[in-house]
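Worksheet for the structure shown next.
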Amino acid sequence: MPPAPDPLAGLREALRLSPDNLPLRLHLAQSLSELGRHAEAELELREALAANPQSAEIKLRLATNYLRQEKASQAMVIVEDLVEQRDPPAAAYVLYARLLLREGDVPGAVAQYKLGLEIDEAVADADLGEQLGVGPDHEDGEVFEGRVRASQESGGSDFDPEIERPATTFADVGGMSEVKEEIGIKILYPLQHPEMYEAYGKSIGGGILMYGPPGCGKTYLARATAGEIGAGFISVGISDVLEMWTGQSERNLHELFAYARQNTPCVLFFDEVDALGGRRSDMNSGSGRQLINQFLAEMDGVEFSNEGVLVLAATNAPWHVDPAFRRPGRFDQVLFVPPPDAAARAEVLDIHLRGKPQESIDLQPLAKRTEGFSGADMKAIVDMTIEAKLREAMKAGQRLPITNKDLMAAVKKMKPTTREWFSTARNYALYSNQGGVYDAVLKYLKLQ
C-alpha cells in the first residue's frame, strides 16, 4: 500500500520556489504544529529566525514550539530574553507564567501573568488563570509564596514512579568514548567489581551531571548506562516532581529517591535538572529554595543510605544549576557531551537509513560535511531526504532509492542547531569558568 500523500506537499513546494517568503514559511510552521509535527515546525521556525533574528513574533512561536516538545529550558531562554526587551508582546508574559508555574514558582507566575493582562486582556488564558487564582472570579491575595488559593485543601498526590529495564547498552551508542569511560569509572566498575572498590573503602553510588547542546544523546546515554549493568532506570521529568501545592514537590522528590533505594541497583535520571536545581540566588520564592534543599538532602543520604543508587542528570544550561550540586558526594563529576564525531555521525545516518530504499550510499562524505551537527540534526537530514524522495516517488508512481546526492542536498539546507548553544557556552567557558568546569567546552572549540 503506497504511503499517504503529505497534505503539506503543495505548501512545501511553494516555499521551495520562494524560500525567502516569510509569511509562507510561518504558515507552514503553523500547519505542521496543528498536525502535531512539532519537530518539523521547529526547523521552519529556526530558519525563519535565522533570517529575522530580531522578530519577537518568531521568537515567541519558537518558544511555544519548544514547550510543546517538553523542551522547557530552551523555551525559558527565549522567553526571558523577550520580556527583557522593549515593548515585549503580552503573550510572552503569559508563556513566561506558564513556564514559571512548571518550575513551581507560583508567585512569579502570577506576577508575569498579571503583567501580560495589563498589556492586553485578550491574552487571558482561562485554565492558567484558574490555576493561578487570577481573574474576575478571584480576589487579589489568594496567591502568596506558593500557596495557591489557600482556602482550598491540597489533594493527595497521584505520583507513581515507573521503573524500566532498558535493553540499550553502550554498544548501541555511537562515539562518546571519553564520556563512556568516565561513566564506567564512576558508575559501572563499582558494580562490576565491588570487591575492588570495597578494598579501597569506596561506596557504590554517586552522581554525574552531563551537559551539552540539545539533541546530542544525553538521555540515550543515561538509558544505556542502566542497560549496561542491568540496573533499573527511572526517568524523571519536571512534571513528575513539580506540583502547585506547597510541600508536595518535596514529597514527590523524596518518594523518587525512596523508590530507587528499594530497587537497587537503580539509575535515577533527572532530565533538564536546571529546572529543579536552579541557582537559589536567582530565586524569588521560598518554595523553589525548599525544593533544592530537599534535592541536596536526598543526594547526601542524610537519613537514608544511597548505596546502589546511581544518579545521572542532564542539562543544556549547566550555568543555571546551583553550585552546591557539584560538591563531593553529589554531582561531583560534570561531563561535557559534545556533538557526535564523524564516525558517530555516520553511524546515526546508517541507523536511520536502515530499511529504506537506497542505492550504494557512502556515508563518509556526508559525515565530513556535517561537523558540529547533533544526533537530532542528523535524523532531521534523513527525514528531510525522505520527504523529498517521497514527492519524487509519488510523481513517478514507483519507489525510488535514496542516493548520496539526495542526502547531500538535505545537508546543504541544514545548519547545525548546536551553534546557538555554543555561542552561549563560549561566553561562560571564557569568563565564568571557576574550577575549570567548562574546560572541555574550551577544548572542543579549540580555545585551550
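Identifiers in the C-alpha cells: chain A, B, ... in order shown; residue index from 1 per chain; ligand index from 1 in order shown.
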
Among segment 193-318 of chain A, which ones does DSSP place in strand (DSSP E or B), written as an MDAnalysis selection string?
chainID A and resid 206:211 232:236 266:270 278 309:315

How close does each residue of segment 71-126 of chain A get to segment 306-316 of chain A, giving the shortest atom pair and distance in Å to one decimal for every residue with an atom at most 10 Å away, counting only C-alpha atoms, sorted by chain and residue number, as CSV?
```
residue,atom,partner,partner_atom,distance
A:Lys71,CA,A:Asn316,CA,10.0
A:Ser73,CA,A:Asn316,CA,7.3
A:Gln74,CA,A:Asn316,CA,8.1
```

Could you turn the residues from that selection into a file that holds N, CA and C atoms, as a short mmCIF file (atom, residue, chain, number, x, y, z; two decimals), in the first residue's frame?
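Saved file out.cif follows:
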```
data_model
loop_
_atom_site.label_atom_id
_atom_site.label_comp_id
_atom_site.auth_asym_id
_atom_site.auth_seq_id
_atom_site.Cartn_x
_atom_site.Cartn_y
_atom_site.Cartn_z
N LYS A 71 10.61 20.88 25.80
CA LYS A 71 11.95 21.48 25.87
C LYS A 71 11.84 22.79 26.65
N SER A 73 13.63 24.21 28.99
CA SER A 73 14.82 25.04 29.18
C SER A 73 15.06 25.96 28.00
N GLN A 74 14.94 25.42 26.77
CA GLN A 74 15.12 26.24 25.58
C GLN A 74 14.04 27.31 25.49
#
```

Pick out the residues sitting within 7 Å of Tyr93 of chain A, and hand them over as a PyMOL selection string; count only C-alpha atoms, and ignore anything fewer than 3 positions along from it in its own chain.
chain A and resi 83+90+96-97+112-113+115-116
